[in-house]
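*Asks:* Structure file input.cif (mmCIF, C-alpha atoms and all ligand atoms) is given on the next line.
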data_run
#
loop_
_atom_site.label_atom_id
_atom_site.label_comp_id
_atom_site.auth_asym_id
_atom_site.auth_seq_id
_atom_site.Cartn_x
_atom_site.Cartn_y
_atom_site.Cartn_z
CA MET A 1 8.22 -8.08 32.00
CA LYS A 2 8.57 -7.56 28.26
CA GLN A 3 10.68 -4.65 27.09
CA THR A 4 7.71 -2.79 25.59
CA GLU A 5 5.80 -3.06 28.84
CA ALA A 6 8.77 -1.78 30.79
CA LEU A 7 9.04 1.16 28.40
CA ALA A 8 5.34 1.94 28.71
CA GLU A 9 5.59 1.89 32.47
CA LYS A 10 8.61 4.22 32.46
CA THR A 11 6.80 6.66 30.16
CA ASN A 12 3.73 6.52 32.32
CA LYS A 13 5.77 7.30 35.43
CA LYS A 14 7.35 10.31 33.73
CA THR A 15 3.95 11.51 32.54
CA ALA A 16 2.38 10.94 35.96
CA ALA A 17 5.06 13.10 37.60
CA ALA A 18 4.57 15.81 34.98
CA ILE A 19 0.80 15.68 35.52
CA SER A 20 1.07 16.25 39.26
CA GLU A 21 3.42 19.20 38.66
CA ALA A 22 0.92 20.62 36.14
CA VAL A 23 -1.96 20.20 38.59
CA LYS A 24 -0.03 22.15 41.23
CA ALA A 25 0.67 24.98 38.78
CA LEU A 26 -3.01 25.08 37.77
CA LEU A 27 -4.28 25.06 41.36
CA ARG A 28 -1.89 27.91 42.30
CA ALA A 29 -3.17 30.14 39.48
CA GLU A 30 -6.19 32.42 39.60
CA THR A 31 -6.18 33.85 36.06
CA VAL A 32 -5.31 31.39 33.29
CA ALA A 33 -4.97 32.00 29.55
CA ILE A 34 -5.27 28.80 27.47
CA ALA A 35 -4.15 28.73 23.84
CA GLY A 36 -4.26 26.06 21.15
CA HIS A 37 -2.21 25.95 17.95
CA ILE A 38 -2.90 28.02 14.86
CA ASN A 39 -5.60 26.59 12.59
CA PRO A 40 -7.13 24.86 15.65
CA ASP A 41 -8.56 21.36 15.32
CA GLY A 42 -10.87 19.31 17.53
CA ASP A 43 -8.08 18.25 19.85
CA ALA A 44 -6.77 21.79 20.43
CA ALA A 45 -10.25 23.23 20.94
CA GLY A 46 -11.40 20.26 23.05
CA ALA A 47 -8.42 20.37 25.40
CA ALA A 48 -8.64 24.17 25.76
CA PHE A 49 -12.38 24.26 26.46
CA ALA A 50 -12.30 21.25 28.79
CA LEU A 51 -9.56 22.85 30.89
CA ALA A 52 -11.47 26.15 30.93
CA PHE A 53 -14.61 24.39 32.26
CA ALA A 54 -12.56 22.61 34.92
CA LEU A 55 -10.92 25.87 36.05
CA LYS A 56 -14.28 27.64 36.13
CA ASN A 57 -15.64 24.84 38.33
CA LEU A 58 -12.68 25.55 40.62
CA LYS A 59 -13.77 29.24 40.77
CA LYS A 60 -10.77 30.37 38.74
CA ARG A 61 -10.86 32.76 35.81
CA PRO A 62 -9.88 31.10 32.52
CA VAL A 63 -9.90 32.56 29.02
CA VAL A 64 -9.31 30.62 25.78
CA ILE A 65 -7.30 32.05 22.88
CA LEU A 66 -8.06 30.26 19.59
CA ASP A 67 -8.05 31.32 15.95
CA GLU A 68 -11.21 30.94 13.96
CA TYR A 69 -12.04 27.26 13.55
CA ASN A 70 -14.22 25.04 11.38
CA GLU A 71 -17.90 25.31 12.28
CA LYS A 72 -18.10 21.57 12.96
CA PHE A 73 -16.30 22.25 16.23
CA ASP A 74 -19.27 24.36 17.31
CA ILE A 75 -20.61 21.04 18.66
CA LEU A 76 -18.02 21.53 21.42
CA PRO A 77 -19.25 23.40 24.46
CA GLY A 78 -17.10 26.29 25.67
CA ARG A 79 -17.32 29.14 23.15
CA GLU A 80 -18.14 31.44 26.05
CA PHE A 81 -14.50 31.22 27.10
CA LEU A 82 -13.39 32.92 23.87
CA PRO A 83 -12.90 36.69 24.36
CA ALA A 84 -15.29 37.52 21.49
CA PHE A 85 -18.08 35.60 23.21
CA GLY A 86 -17.10 36.75 26.69
CA ASP A 87 -19.45 37.36 29.55
CA ALA A 88 -19.34 40.45 31.79
CA ASP A 89 -16.70 39.20 34.25
CA ARG A 90 -14.31 38.36 31.45
CA VAL A 91 -10.67 38.69 32.42
CA SER A 92 -8.82 41.33 30.40
CA LEU A 93 -6.29 40.05 27.87
CA GLU A 94 -4.13 43.09 28.71
CA GLN A 95 -3.33 41.81 32.18
CA ASP A 96 -0.39 39.63 33.21
CA PHE A 97 -1.91 36.18 33.68
CA ASP A 98 -0.90 33.93 36.56
CA LEU A 99 -0.54 31.04 34.12
CA PHE A 100 -0.35 30.57 30.36
CA VAL A 101 -1.26 27.09 29.05
CA ALA A 102 -0.50 25.85 25.51
CA VAL A 103 -2.48 22.77 24.49
CA ASP A 104 -1.83 20.38 21.59
CA CYS A 105 1.19 22.48 20.69
CA ALA A 106 4.73 22.49 22.08
CA GLU A 107 6.42 24.79 19.59
CA LEU A 108 6.21 28.56 19.84
CA ASN A 109 5.91 29.00 16.09
CA ARG A 110 2.61 27.08 16.25
CA ILE A 111 0.83 29.58 18.51
CA THR A 112 -0.63 32.93 17.47
CA ALA A 113 1.18 36.25 17.95
CA GLN A 114 -1.50 37.24 20.47
CA ALA A 115 -0.91 34.04 22.47
CA LYS A 116 2.86 34.58 22.36
CA ASP A 117 2.41 38.10 23.72
CA ILE A 118 0.20 36.84 26.56
CA MET A 119 2.69 34.08 27.32
CA SER A 120 5.61 36.50 27.50
CA ARG A 121 3.79 38.47 30.22
CA ALA A 122 2.43 35.47 32.15
CA LYS A 123 3.94 34.59 35.54
CA ASP A 124 4.05 30.85 34.84
CA SER A 125 3.61 28.55 31.83
CA LEU A 126 2.43 25.03 31.11
CA CYS A 127 2.37 22.94 27.94
CA VAL A 128 0.14 19.88 27.43
CA ASP A 129 0.91 18.10 24.19
CA HIS A 130 1.36 14.75 22.46
CA HIS A 131 3.54 15.69 19.49
CA VAL A 132 7.14 14.53 19.24
CA LEU A 133 9.23 17.51 20.30
CA ASN A 134 12.63 17.96 18.69
CA LYS A 135 13.79 20.90 20.76
CA GLU A 136 13.68 22.16 24.32
CA PRO A 137 10.13 22.84 25.49
CA PHE A 138 9.29 26.54 25.90
CA ALA A 139 7.08 26.25 28.97
CA ALA A 140 8.14 26.07 32.63
CA HIS A 141 6.01 22.94 33.18
CA ASN A 142 5.50 20.33 30.48
CA VAL A 143 3.19 17.36 30.12
CA ILE A 144 4.38 16.02 26.78
CA ASP A 145 3.71 12.38 25.95
CA PRO A 146 3.82 11.36 22.27
CA GLU A 147 2.35 7.97 23.15
CA LYS A 148 -1.03 9.55 23.83
CA CYS A 149 -3.41 9.71 20.88
CA ALA A 150 -4.64 13.20 21.76
CA ALA A 151 -3.81 16.16 23.97
CA CYS A 152 -7.34 15.57 25.29
CA GLU A 153 -6.29 12.14 26.58
CA LEU A 154 -3.55 13.80 28.66
CA MET A 155 -5.92 16.59 29.66
CA PHE A 156 -8.38 14.03 31.02
CA HIS A 157 -5.77 12.84 33.54
CA ILE A 158 -4.90 16.42 34.55
CA ILE A 159 -8.53 17.47 35.05
CA ASN A 160 -9.38 14.19 36.78
CA GLU A 161 -6.91 15.14 39.54
CA MET A 162 -8.58 18.50 40.10
CA THR A 163 -12.35 18.32 39.69
CA PRO A 164 -15.15 15.88 38.78
CA ILE A 165 -15.56 15.30 35.03
CA ASP A 166 -18.91 16.88 34.15
CA GLN A 167 -20.70 16.69 30.80
CA ASN A 168 -19.16 19.90 29.43
CA ILE A 169 -15.65 18.65 30.18
CA ALA A 170 -16.47 15.16 28.90
CA SER A 171 -17.99 16.39 25.62
CA ALA A 172 -14.97 18.58 24.85
CA LEU A 173 -12.44 15.85 25.69
CA TYR A 174 -14.34 13.15 23.82
CA ALA A 175 -14.49 15.34 20.70
CA GLY A 176 -10.73 15.84 20.83
CA ILE A 177 -9.99 12.15 21.27
CA VAL A 178 -12.36 11.07 18.49
CA PHE A 179 -10.95 13.71 16.15
CA ASP A 180 -7.25 13.11 16.74
CA SER A 181 -7.50 9.32 16.83
CA GLY A 182 -9.41 9.27 13.53
CA ARG A 183 -12.33 7.63 15.34
CA PHE A 184 -10.02 5.28 17.26
CA LEU A 185 -8.19 4.16 14.10
CA HIS A 186 -4.66 5.46 14.67
CA PRO A 187 -1.91 3.28 16.18
CA SER A 188 -1.51 5.72 19.07
CA VAL A 189 -4.86 4.45 20.39
CA SER A 190 -4.26 2.19 23.37
CA PRO A 191 -6.41 0.27 25.84
CA ALA A 192 -5.94 3.32 28.09
CA THR A 193 -7.54 5.53 25.41
CA PHE A 194 -10.66 3.37 25.50
CA GLU A 195 -10.69 3.47 29.29
CA VAL A 196 -10.67 7.27 29.17
CA ALA A 197 -13.37 7.27 26.44
CA ALA A 198 -15.52 4.93 28.54
CA LYS A 199 -15.27 7.26 31.54
CA LEU A 200 -16.24 10.23 29.37
CA ILE A 201 -19.23 8.40 27.86
CA SER A 202 -20.40 7.28 31.28
CA THR A 203 -21.18 10.93 32.15
CA GLY A 204 -24.10 10.66 29.70
CA ILE A 205 -22.76 12.83 26.86
CA ARG A 206 -24.25 12.58 23.37
CA PHE A 207 -21.17 10.88 21.96
CA SER A 208 -22.70 9.67 18.67
CA GLU A 209 -23.78 13.18 17.78
CA ILE A 210 -20.32 14.55 18.62
CA THR A 211 -18.58 11.89 16.52
CA ARG A 212 -20.90 12.36 13.54
CA GLU A 213 -20.61 16.13 13.61
CA ILE A 214 -16.84 16.38 13.82
CA THR A 215 -15.83 13.42 11.66
CA GLN A 216 -18.55 13.10 9.03
CA THR A 217 -20.71 16.20 8.70
CA HIS A 218 -19.59 18.77 6.14
CA SER A 219 -20.88 22.02 4.72
CA ILE A 220 -21.93 22.39 1.08
CA LEU A 221 -18.76 24.43 0.55
CA GLU A 222 -16.55 21.67 2.00
CA ALA A 223 -18.30 19.11 -0.22
CA LYS A 224 -17.66 21.28 -3.29
CA LEU A 225 -13.98 21.68 -2.42
CA LEU A 226 -13.76 17.92 -1.77
CA ALA A 227 -15.33 17.31 -5.21
CA LYS A 228 -12.72 19.60 -6.80
CA ALA A 229 -9.93 17.75 -5.03
CA LEU A 230 -11.34 14.31 -5.89
CA SER A 231 -11.69 15.22 -9.55
CA ALA A 232 -7.89 15.60 -9.56
CA LEU A 233 -7.24 12.40 -7.56
CA THR A 234 -4.53 10.11 -8.93
CA LEU A 235 -3.09 6.89 -7.57
CA GLU A 236 0.43 6.04 -8.60
CA GLY A 237 2.48 3.39 -6.88
CA ALA A 238 0.36 3.48 -3.70
CA ILE A 239 0.52 7.29 -3.42
CA ALA A 240 -2.88 8.93 -3.68
CA LYS A 241 -2.39 12.55 -4.69
CA LEU A 242 -4.90 15.34 -4.89
CA PHE A 243 -4.82 19.12 -4.71
CA ILE A 244 -6.73 22.37 -4.47
CA THR A 245 -5.57 25.46 -6.35
CA LEU A 246 -6.18 29.16 -5.74
CA ASP A 247 -8.51 28.98 -8.77
CA ASP A 248 -10.58 26.32 -6.97
CA PHE A 249 -10.90 28.60 -3.94
CA GLU A 250 -11.94 31.41 -6.25
CA GLN A 251 -14.64 29.27 -7.89
CA CYS A 252 -16.00 27.62 -4.72
CA GLY A 253 -15.11 30.14 -1.99
CA GLY A 254 -13.76 29.05 1.36
CA SER A 255 -10.31 28.81 2.86
CA SER A 256 -7.92 26.31 4.44
CA LYS A 257 -10.32 25.66 7.31
CA ASP A 258 -12.75 24.13 4.77
CA LEU A 259 -10.28 21.45 3.66
CA ASP A 260 -10.38 19.24 6.69
CA GLY A 261 -10.62 15.52 5.98
CA ILE A 262 -9.67 15.66 2.29
CA ALA A 263 -6.36 13.88 2.82
CA GLU A 264 -8.06 11.15 4.89
CA TYR A 265 -10.62 10.71 2.13
CA ALA A 266 -7.86 10.11 -0.41
CA LEU A 267 -6.21 7.54 1.86
CA ASN A 268 -9.42 5.49 1.74
CA THR A 269 -8.68 4.75 -1.93
CA ARG A 270 -8.06 1.00 -2.28
CA GLY A 271 -4.38 0.41 -3.00
CA ALA A 272 -3.28 3.67 -1.42
CA GLU A 273 -0.64 3.45 1.30
CA VAL A 274 -0.08 7.19 1.51
CA ALA A 275 -2.17 10.24 0.66
CA ALA A 276 -0.62 13.57 -0.25
CA PHE A 277 -3.01 16.50 -0.33
CA LEU A 278 -1.52 19.78 -1.55
CA TYR A 279 -3.20 23.16 -1.64
CA GLU A 280 -2.03 26.58 -2.73
CA LYS A 281 -1.84 29.09 0.12
CA SER A 282 -0.46 31.69 -2.27
CA THR A 283 1.09 31.65 -5.73
CA ASP A 284 4.41 30.43 -4.32
CA GLU A 285 3.44 28.56 -1.14
CA VAL A 286 1.93 25.10 -1.00
CA LYS A 287 0.67 23.40 2.14
CA VAL A 288 1.14 19.62 2.11
CA SER A 289 -0.95 17.25 4.24
CA LEU A 290 0.27 13.67 4.44
CA ARG A 291 -1.70 10.70 5.73
CA SER A 292 -0.63 7.06 5.78
CA LYS A 293 -1.80 3.61 6.74
CA GLU A 294 1.58 2.25 7.84
CA ILE A 295 4.59 4.40 6.99
CA ASN A 296 5.95 7.27 9.05
CA VAL A 297 4.99 10.47 7.21
CA ARG A 298 6.28 12.69 10.01
CA ASN A 299 9.81 11.75 8.85
CA VAL A 300 8.92 13.09 5.41
CA ALA A 301 7.26 16.29 6.70
CA ARG A 302 10.27 17.00 8.89
CA LEU A 303 12.58 17.03 5.85
CA PHE A 304 10.66 20.14 4.76
CA GLY A 305 10.47 21.88 8.12
CA GLY A 306 7.09 20.44 9.08
CA GLY A 307 5.99 17.88 11.62
CA GLY A 308 3.04 16.07 13.11
CA HIS A 309 2.38 12.42 13.85
CA GLU A 310 3.51 9.15 12.28
CA ARG A 311 0.31 8.68 10.30
CA ALA A 312 -0.69 12.33 9.90
CA ALA A 313 1.80 15.11 9.25
CA GLY A 314 2.23 18.24 7.19
CA CYS A 315 4.58 20.92 5.94
CA SER A 316 4.71 24.08 3.84
CA ILE A 317 6.85 24.30 0.71
CA ASN A 318 7.64 27.43 -1.29
CA ALA A 319 6.96 26.10 -4.77
CA THR A 320 4.14 25.31 -7.17
CA ILE A 321 1.96 22.27 -6.47
CA GLU A 322 3.76 20.27 -9.14
CA LYS A 323 7.23 21.14 -7.88
CA ALA A 324 6.26 20.56 -4.26
CA PHE A 325 5.01 17.07 -5.11
CA HIS A 326 8.21 16.35 -7.03
CA LEU A 327 10.13 17.25 -3.89
CA ILE A 328 8.18 15.08 -1.48
CA GLU A 329 7.51 12.07 -3.73
CA PRO A 330 11.04 10.58 -3.49
CA ALA A 331 10.96 10.99 0.28
CA LEU A 332 7.61 9.18 0.45
CA ARG A 333 8.91 6.36 -1.77
CA ASN A 334 12.03 6.12 0.34
CA GLU A 335 9.94 5.80 3.50
CA MET A 336 7.75 3.13 1.83
CA ASN A 337 10.83 1.17 0.76
CA GLU A 338 12.23 1.29 4.26
CA ALA A 339 8.93 0.17 5.70
CA ASN A 340 8.95 -2.79 3.28
CA LEU A 341 12.47 -3.67 4.39
CA ARG A 342 11.31 -3.57 7.99
CA GLY A 343 8.47 -5.88 7.02
CA ASN A 344 5.68 -3.41 7.83
MN MN A 401 -3.60 16.72 18.88
#
Show me, as structure tokens, the structure contained in the file I just sent.
*Replies:*
Amino acid sequence: MKQTEALAEKTNKKTAAAISEAVKALLRAETVAIAGHINPDGDAAGAAFALAFALKNLKKRPVVILDEYNEKFDILPGREFLPAFGDADRVSLEQDFDLFVAVDCAELNRITAQAKDIMSRAKDSLCVDHHVLNKEPFAAHNVIDPEKCAACELMFHIINEMTPIDQNIASALYAGIVFDSGRFLHPSVSPATFEVAAKLISTGIRFSEITREITQTHSILEAKLLAKALSALTLEGAIAKLFITLDDFEQCGGSSKDLDGIAEYALNTRGAEVAAFLYEKSTDEVKVSLRSKEINVRNVARLFGGGGHERAAGCSINATIEKAFHLIEPALRNEMNEANLRGN
């Protein structure tokens, strides 16, 4: 057996053991609060809603805690699990839940204050995530496997042990996988990802519509912000850079949730190896989104207290856009040089 295969098998064994522990914790619980990370994306929302549907099928009482998210994720079923859209037998957020579940997020500073409060009162906790974790996990039970392309890919295996995958569950999980894998483009996509996707599609979900809505459709406002960003696009030494200022927000309207996909768009520029998208959160805070074709941008984001994945990562820097770019540019060049040395 080749070394890589042996490694994959070892990881799979560890994940399989973690999954059966998670399933036990879920089956023991009656009331379950499920939270995704702040500024939720398709993977966080998909994993949270899919788990909520599965628990409801098992006659349990789930509730989903998510910040406001981009309207494209309205294609996902499951809004009824959000407290604001709750039905009459909604479980109270004031109670002590049997189980708190964090999805697509293994660091406490990435969940909302409300979710933290609920977690602190919960009797048990579970984390399902696929980010590289650099500290001790905060939950009692952890299914953390950075080799999976999406939290939804892990969530499929958890739900599959508990209840049949119906169309609601399949739609939510498929959306998360398509979103986080960049439509099956990222290197974290494996044959196993396609096997999961095939099982989800075989339930009869409208997968084309889901993919189009969450990866291609945009609002007029998003298009206008994209146009602003593109008008500032530069390509220097394989780094595509673009930005959005507070002035742009003032002229177009909108907020950070309307900026999804801009960094990916820049990366599509021929000759670009890396895209750096910077936007002003306030006069002295800049959010940086990094995307790459080959190099590890998580290494760069981590230098500034951020994180993410090898090909998609981000961080916040207290500086102007210009100064923030000056700070990250050498780190990006360094990473590109090292990749060249490695022969990537
Ligand atoms: Mn994810």
*Asks:* Using all atoms listed in the file, which residues have at least one atom no more than 9 Å from ligand MN 401 (chain A)? Output them as a list of chain:residue names.
*Replies:*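 Protein and nucleic-acid residues within 9 Å of ligand MN 401 (chain A): A:Asp41, A:Gly42, A:Asp43, A:Ala44, A:Ala47, A:Val103, A:Asp104, A:Cys105, A:Asp129, A:His130, A:His131, A:Cys149, A:Ala150, A:Ala151, A:Cys152, A:Gly176, A:Ile177, A:Phe179, A:Asp180, A:Ser181, A:Gly308, A:His309.
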*Asks:* Residues at most 10 Å from Ala275 of chain A, counting all atoms listed in the file, excluding those fewer than 3 positions away in the same chain, as a ChimeraX atom specification?
*Replies:* /A:233-235,238-242,262-269,272,278,289-293,297,312,332
*Asks:* Calculate how many Å separate atom CA of Lys56 of chain A from atom CA of Asp117 of chain A, rounding to one decimal.
*Replies:*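 Distance between the two atoms: 23.3 Å.
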*Asks:* Which residues, written as a list in words, have at least one atom at most 9 Å from Leu303 of chain A, with all atoms listed in the file counted and residues fewer than 5 positions away on the same chain left out?
*Replies:*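 In the requested form, the answer reads Arg298, Cys315, Ile328 and Ala331 of chain A.
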*Asks:* Selected residues, C-alpha atoms, written as a tab-separated table (two decimals), in the frame of the given file, please.
*Replies:*
chain	number	residue	atom	x	y	z
A	298	ARG	CA	6.28	12.69	10.01
A	315	CYS	CA	4.58	20.92	5.94
A	328	ILE	CA	8.18	15.08	-1.48
A	331	ALA	CA	10.96	10.99	0.28
*Asks:* Interatomic distance between atom CA of Asn168 of chain A and atom CA of Ala35 of chain A?
*Replies:*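 Distance between the two atoms: 18.3 Å.
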*Asks:* Rounded to one decimal in Å, what is the spacing between atom CA of Pro77 of chain A and atom CA of Ala172 of chain A?
*Replies:*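 Distance reported for this atom pair: 6.5 Å.
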*Asks:* Which residue is closest to Asn142 of chain A? Choose from A:Phe304, A:Phe53, A:Phe100, A:Tyr279 and count only C-alpha atoms.
*Replies:*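 Closest to Asn142 of chain A, using only C-alpha atoms: A:Phe100.
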*Asks:* Which residues, written as JSON, numbers by chain, have at least one atom at most 10 Å from Leu200 of chain A, with all atoms listed in the file counted and residues fewer than 5 positions away on the same chain left out?
*Replies:* {"A": [156, 165, 166, 167, 169, 170, 171, 172, 173, 174, 194, 195, 205, 207]}
*Asks:* Could you dump the residues just selected with C-alpha atoms as a PDB file, keeping the file's coordinate frame?
*Replies:*
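To be explicit, this is the file written out as part02.pdb:
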ATOM      1  CA  PHE A 156      -8.380  14.030  31.020  1.00  0.00           C
ATOM      2  CA  ILE A 165     -15.560  15.300  35.030  1.00  0.00           C
ATOM      3  CA  ASP A 166     -18.910  16.880  34.150  1.00  0.00           C
ATOM      4  CA  GLN A 167     -20.700  16.690  30.800  1.00  0.00           C
ATOM      5  CA  ILE A 169     -15.650  18.650  30.180  1.00  0.00           C
ATOM      6  CA  ALA A 170     -16.470  15.160  28.900  1.00  0.00           C
ATOM      7  CA  SER A 171     -17.990  16.390  25.620  1.00  0.00           C
ATOM      8  CA  ALA A 172     -14.970  18.580  24.850  1.00  0.00           C
ATOM      9  CA  LEU A 173     -12.440  15.850  25.690  1.00  0.00           C
ATOM     10  CA  TYR A 174     -14.340  13.150  23.820  1.00  0.00           C
ATOM     11  CA  PHE A 194     -10.660   3.370  25.500  1.00  0.00           C
ATOM     12  CA  GLU A 195     -10.690   3.470  29.290  1.00  0.00           C
ATOM     13  CA  ILE A 205     -22.760  12.830  26.860  1.00  0.00           C
ATOM     14  CA  PHE A 207     -21.170  10.880  21.960  1.00  0.00           C
TER      15      PHE A 207
END
*Asks:* Which residues come within 9 Å of Asp145 of chain A, counting all atoms listed in the file, excluding same-chain residues fewer than 2 positions away, as a PyMOL selection string?
*Replies:* chain A and resi 11-12+14-15+128-132+143+147-148+151+154
*Asks:* Just to be explicit: take each residue in the selection above, keep C-alpha atoms, and write the result as a tab-separated table (two decimals), in the coordinates of the input.
*Replies:*
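Saved to out-v9.tsv:
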chain	number	residue	atom	x	y	z
A	11	THR	CA	6.80	6.66	30.16
A	12	ASN	CA	3.73	6.52	32.32
A	14	LYS	CA	7.35	10.31	33.73
A	15	THR	CA	3.95	11.51	32.54
A	128	VAL	CA	0.14	19.88	27.43
A	129	ASP	CA	0.91	18.10	24.19
A	130	HIS	CA	1.36	14.75	22.46
A	131	HIS	CA	3.54	15.69	19.49
A	132	VAL	CA	7.14	14.53	19.24
A	143	VAL	CA	3.19	17.36	30.12
A	147	GLU	CA	2.35	7.97	23.15
A	148	LYS	CA	-1.03	9.55	23.83
A	151	ALA	CA	-3.81	16.16	23.97
A	154	LEU	CA	-3.55	13.80	28.66
*Asks:* Taking (-10.4, 22.6, -8.0) in the file's own coordinates, collect the residues within 8 Å, counting only C-alpha atoms, and hand them back as a PDB file with C-alpha atoms, keeping the file's coordinate frame.
*Replies:*
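And here is the file that came out, out14.pdb:
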ATOM      1  CA  LEU A 225     -13.980  21.680  -2.420  1.00  0.00           C
ATOM      2  CA  ALA A 227     -15.330  17.310  -5.210  1.00  0.00           C
ATOM      3  CA  LYS A 228     -12.720  19.600  -6.800  1.00  0.00           C
ATOM      4  CA  ALA A 229      -9.930  17.750  -5.030  1.00  0.00           C
ATOM      5  CA  SER A 231     -11.690  15.220  -9.550  1.00  0.00           C
ATOM      6  CA  ALA A 232      -7.890  15.600  -9.560  1.00  0.00           C
ATOM      7  CA  PHE A 243      -4.820  19.120  -4.710  1.00  0.00           C
ATOM      8  CA  ILE A 244      -6.730  22.370  -4.470  1.00  0.00           C
ATOM      9  CA  THR A 245      -5.570  25.460  -6.350  1.00  0.00           C
ATOM     10  CA  ASP A 247      -8.510  28.980  -8.770  1.00  0.00           C
ATOM     11  CA  ASP A 248     -10.580  26.320  -6.970  1.00  0.00           C
ATOM     12  CA  PHE A 249     -10.900  28.600  -3.940  1.00  0.00           C
ATOM     13  CA  GLN A 251     -14.640  29.270  -7.890  1.00  0.00           C
TER      14      GLN A 251
END
*Asks:* With all atoms listed in the file as the atoms that count, which of A:Cys127, A:Ala54, A:Ala106, A:Ile295 lies nearest to Asn337 of chain A?
*Replies:*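 Closest residue, counting all atoms listed in the file: A:Ile295.
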